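Just below is one structure, and these are the notes that go with it.
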Amino acid sequence: MNYVYILECEDGSYYTGWTNDLNRRFAMHCKGKGAKYTRTHHPLRIAYFEEFEDRIQAMKREYEIKQFSHLQKEKLIKENK
């Protein structure tokens, strides 16, 4: 399984990524060994995720979400609680 996820960070910003192991990847972000962004914008929680069978589809969706504004990401998260 592949996942696209949005992390909510301490400063209120969002980080979007993809992985094939959501819990392991979140743990890496929390330890400062994930993306460069999350080393300085410490993640609080996984605010949103989607599952995909195919890695390519997950990567396409990640790109799509990364184009969203902060408000669009917030809306996506709230609509899927």
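Ligands are numbered from 1 in the order shown, residues from 1 within each chain, and chains are lettered A, B, ... in the order they appear in the structure tokens.
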Find the spatial neighbours of A:Ile65, counting only C-alpha atoms, within a cut-off of 12 Å - ignore same-chain residues fewer than 6 positions away - and output them as a list in words.
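Once the adjacent positions are removed, what remains is Val4, Tyr5, Ile6, Tyr14, Tyr15, Thr16, Gly17, Trp18, Tyr48, Phe49, Glu50, Ala58, Met59, Leu71, Gln72, Lys73, Glu74, Lys75, Leu76 and Ile77 of chain A.
Taking chain A and asking which residues DSSP calls strand (DSSP E or B) on the backbone, you get Asn2, Tyr3, Val4, Tyr5, Ile6, Leu7, Glu8, Cys9, Tyr14, Tyr15, Thr16, Gly17, Trp18, Thr19, Pro43, Leu44, Arg45, Ile46, Ala47, Tyr48, Phe49, Glu50, Glu51 and Phe52 of chain A.
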Selected residues written out, N, CA and C atoms, as a short mmCIF file (atom, residue, chain, number, x, y, z; two decimals), in the first residue's frame:
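This is the output file out12.cif:
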data_model
loop_
_atom_site.label_atom_id
_atom_site.label_comp_id
_atom_site.auth_asym_id
_atom_site.auth_seq_id
_atom_site.Cartn_x
_atom_site.Cartn_y
_atom_site.Cartn_z
N ASN A 2 0.44 2.26 -0.70
CA ASN A 2 1.13 3.55 -0.75
C ASN A 2 0.21 4.62 -0.19
N TYR A 3 0.80 5.61 0.43
CA TYR A 3 0.03 6.65 1.10
C TYR A 3 0.49 8.03 0.71
N VAL A 4 -0.46 8.94 0.59
CA VAL A 4 -0.19 10.37 0.53
C VAL A 4 -0.67 10.90 1.86
N TYR A 5 0.12 11.77 2.47
CA TYR A 5 -0.24 12.24 3.81
C TYR A 5 0.04 13.73 3.95
N ILE A 6 -0.69 14.33 4.88
CA ILE A 6 -0.45 15.72 5.25
C ILE A 6 -0.15 15.73 6.74
N LEU A 7 0.98 16.31 7.09
CA LEU A 7 1.34 16.48 8.50
C LEU A 7 1.00 17.90 8.92
N GLU A 8 0.45 18.03 10.11
CA GLU A 8 0.28 19.35 10.70
C GLU A 8 1.51 19.62 11.56
N CYS A 9 2.13 20.76 11.35
CA CYS A 9 3.36 21.10 12.07
C CYS A 9 3.07 22.07 13.21
N TYR A 14 1.55 22.98 6.97
CA TYR A 14 1.30 21.60 6.56
C TYR A 14 2.44 21.11 5.68
N TYR A 15 2.76 19.84 5.83
CA TYR A 15 3.74 19.18 4.97
C TYR A 15 3.04 18.01 4.29
N THR A 16 3.20 17.89 2.99
CA THR A 16 2.60 16.80 2.22
C THR A 16 3.69 15.90 1.67
N GLY A 17 3.49 14.60 1.79
CA GLY A 17 4.45 13.64 1.26
C GLY A 17 3.76 12.34 0.88
N TRP A 18 4.56 11.38 0.43
CA TRP A 18 4.03 10.04 0.13
C TRP A 18 5.01 9.01 0.67
N THR A 19 4.49 7.83 0.96
CA THR A 19 5.31 6.76 1.51
C THR A 19 4.61 5.42 1.31
N PRO A 43 6.66 18.20 13.13
CA PRO A 43 5.31 17.67 12.94
C PRO A 43 4.63 17.32 14.26
N LEU A 44 3.34 17.61 14.33
CA LEU A 44 2.53 17.27 15.50
C LEU A 44 1.75 15.98 15.29
N ARG A 45 1.17 15.86 14.09
CA ARG A 45 0.30 14.71 13.84
C ARG A 45 0.11 14.50 12.34
N ILE A 46 -0.37 13.31 12.02
CA ILE A 46 -0.80 13.03 10.65
C ILE A 46 -2.23 13.56 10.59
N ALA A 47 -2.42 14.64 9.86
CA ALA A 47 -3.72 15.29 9.80
C ALA A 47 -4.64 14.65 8.76
N TYR A 48 -4.04 14.01 7.75
CA TYR A 48 -4.82 13.47 6.64
C TYR A 48 -3.98 12.45 5.89
N PHE A 49 -4.63 11.43 5.36
CA PHE A 49 -3.92 10.52 4.45
C PHE A 49 -4.91 9.85 3.51
N GLU A 50 -4.39 9.41 2.38
CA GLU A 50 -5.13 8.64 1.38
C GLU A 50 -4.30 7.41 1.05
N GLU A 51 -4.96 6.30 0.72
CA GLU A 51 -4.28 5.06 0.36
C GLU A 51 -4.37 4.84 -1.15
N PHE A 52 -3.29 4.28 -1.71
CA PHE A 52 -3.23 3.96 -3.13
C PHE A 52 -2.55 2.61 -3.31
#
Could you find all residues in chain A that DSSP calls helix (DSSP H, G or I) from the backbone, and write them as a compact mmCIF listing (two decimals) with N, CA and C atoms, in the first residue's frame?
# COMPACT_ATOMS: atom_id res chain seq x y z
N LEU A 22 3.37 4.42 6.39
CA LEU A 22 2.96 5.69 6.99
C LEU A 22 3.50 5.89 8.41
N ASN A 23 3.37 4.88 9.24
CA ASN A 23 3.83 5.02 10.63
C ASN A 23 5.34 5.18 10.73
N ARG A 24 6.09 4.42 9.94
CA ARG A 24 7.55 4.53 9.94
C ARG A 24 7.98 5.91 9.45
N ARG A 25 7.33 6.39 8.41
CA ARG A 25 7.68 7.70 7.84
C ARG A 25 7.38 8.83 8.83
N PHE A 26 6.24 8.74 9.52
CA PHE A 26 5.91 9.76 10.51
C PHE A 26 6.95 9.75 11.64
N ALA A 27 7.35 8.58 12.08
CA ALA A 27 8.38 8.46 13.12
C ALA A 27 9.69 9.09 12.66
N MET A 28 10.04 8.89 11.40
CA MET A 28 11.27 9.50 10.86
C MET A 28 11.17 11.02 10.89
N HIS A 29 10.01 11.55 10.47
CA HIS A 29 9.82 13.01 10.50
C HIS A 29 9.98 13.53 11.93
N CYS A 30 9.38 12.82 12.89
CA CYS A 30 9.43 13.25 14.30
C CYS A 30 10.86 13.23 14.85
N LYS A 36 13.61 17.68 4.79
CA LYS A 36 14.30 18.88 5.28
C LYS A 36 13.30 19.84 5.94
N TYR A 37 12.11 19.97 5.35
CA TYR A 37 11.09 20.88 5.87
C TYR A 37 10.70 20.53 7.30
N THR A 38 10.51 19.25 7.58
CA THR A 38 10.03 18.85 8.92
C THR A 38 11.14 18.88 9.97
N ARG A 39 12.37 19.10 9.56
CA ARG A 39 13.45 19.27 10.54
C ARG A 39 13.31 20.61 11.26
N THR A 40 12.77 21.61 10.56
CA THR A 40 12.61 22.93 11.15
C THR A 40 11.15 23.26 11.48
N ARG A 55 2.14 3.19 -6.60
CA ARG A 55 3.07 4.26 -6.20
C ARG A 55 2.94 5.49 -7.09
N ILE A 56 2.79 5.28 -8.38
CA ILE A 56 2.69 6.40 -9.33
C ILE A 56 1.46 7.25 -9.04
N GLN A 57 0.34 6.59 -8.75
CA GLN A 57 -0.88 7.33 -8.42
C GLN A 57 -0.70 8.15 -7.13
N ALA A 58 -0.01 7.56 -6.15
CA ALA A 58 0.25 8.28 -4.90
C ALA A 58 1.12 9.50 -5.17
N MET A 59 2.12 9.34 -6.00
CA MET A 59 3.02 10.46 -6.31
C MET A 59 2.28 11.57 -7.07
N LYS A 60 1.37 11.19 -7.97
CA LYS A 60 0.58 12.18 -8.70
C LYS A 60 -0.33 12.96 -7.75
N ARG A 61 -0.95 12.23 -6.83
CA ARG A 61 -1.84 12.89 -5.86
C ARG A 61 -1.02 13.80 -4.92
N GLU A 62 0.16 13.36 -4.53
CA GLU A 62 1.03 14.20 -3.69
C GLU A 62 1.30 15.52 -4.41
N TYR A 63 1.66 15.46 -5.67
CA TYR A 63 1.94 16.66 -6.45
C TYR A 63 0.71 17.56 -6.49
N GLU A 64 -0.44 16.95 -6.71
CA GLU A 64 -1.69 17.71 -6.77
C GLU A 64 -1.96 18.45 -5.46
N ILE A 65 -1.83 17.75 -4.35
CA ILE A 65 -2.08 18.37 -3.04
C ILE A 65 -1.04 19.44 -2.73
N LYS A 66 0.19 19.24 -3.14
CA LYS A 66 1.24 20.24 -2.90
C LYS A 66 0.94 21.57 -3.61
N HIS A 70 -2.83 26.80 1.55
CA HIS A 70 -2.99 26.38 2.95
C HIS A 70 -4.47 26.16 3.27
N LEU A 71 -5.31 27.08 2.82
CA LEU A 71 -6.75 26.97 3.09
C LEU A 71 -7.37 25.76 2.40
N GLN A 72 -6.93 25.44 1.21
CA GLN A 72 -7.44 24.25 0.51
C GLN A 72 -7.04 22.97 1.25
N LYS A 73 -5.82 22.92 1.75
CA LYS A 73 -5.38 21.76 2.53
C LYS A 73 -6.19 21.65 3.81
N GLU A 74 -6.42 22.78 4.46
CA GLU A 74 -7.22 22.81 5.69
C GLU A 74 -8.63 22.28 5.42
N LYS A 75 -9.21 22.70 4.32
CA LYS A 75 -10.55 22.25 3.95
C LYS A 75 -10.57 20.75 3.69
N LEU A 76 -9.58 20.24 2.98
CA LEU A 76 -9.47 18.81 2.69
C LEU A 76 -9.40 18.03 4.00
N ILE A 77 -8.61 18.50 4.93
CA ILE A 77 -8.46 17.83 6.23
C ILE A 77 -9.78 17.84 6.98
N LYS A 78 -10.43 18.99 7.06
CA LYS A 78 -11.68 19.11 7.81
C LYS A 78 -12.81 18.28 7.20
N GLU A 79 -12.85 18.22 5.88
CA GLU A 79 -13.91 17.47 5.19
C GLU A 79 -13.76 15.96 5.36
Atom CA of A:Lys31 to atom CA of A:Asn80: how many Å, to one decimal?
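Interatomic distance here is 27.0 Å.
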